[in-house]
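Only one structure is covered here, and it is reproduced in the block below.
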Amino acid sequence: MDKIKEIYQNLMQETDEMKYQRKILEEKVEFMLRETGNQMDREAYEAFRDRFYEVAMVAEENGFILGFRYAVKLIMECKVEKSLQNLDDF
C-alpha cells in the first residue's frame with residue numbers, strides 16, 4: 001500500500017479536523033438530498049446518498065494524497081534552494 005494512503009487511512013481520518021470536515025460534508029449531502037428527496041422513495045434516496053458519500057470519500061482521499069505529495073515536493077525545493085544559497089555564501 002502506498003505509504004501516503006496508509007497515513008491518511010490510519011491517522012488523518014481520526015483527527016478532529018477531518019471529523020469536522022466530514023460533518024460539513026454530511027450536512028451538505030443531506031441538504032442536497034432534501035431538495036430532491038420528495039421525488040424519491042426511501043431506497044432510492046439511500047442509494048443516491050451512498051453514492052454521494054462514495055464520491056466524496058474518494059475525492060477526500062485523493063485530495064489528501066495530492067496535497068501531501070505537493071507539500072513534500074515544496075519542502076524539497078525549499079531545501080535545495082537553501083542548500084544552493086549556502087553554497088553562494090562560500
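Lettering and numbering for the C-alpha cells are positional, with chains as A, B, ... in the shown order, residues counted from 1 in each chain, and ligands counted from 1 in the shown order.
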
- Excluding same-chain residues fewer than 4 positions from Arg49 in chain A, what lies within 12 Å of it counting only C-alpha atoms, as a ChimeraX atom specification? /A:25-34,36-37,40,42-45,53-56

- Message: I'd like to know which of A:Gln85, A:Asp50, A:Ile4, A:Thr15 is closest to Ala71 in chain A, using only C-alpha atoms.
- Response: A:Ile4

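Interatomic distance, CA of Leu74 in chain A against CA of Glu61 in chain A: 19.9 Å.
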
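All residues of protein, DNA or RNA that reach within 12 Å of Ile7 in chain A, judged by only C-alpha atoms and not counting those fewer than 6 positions away in the chain, are Met1, Gln13, Glu14, Thr15, Glu61, Phe64, Ile65 and Phe68 of chain A.
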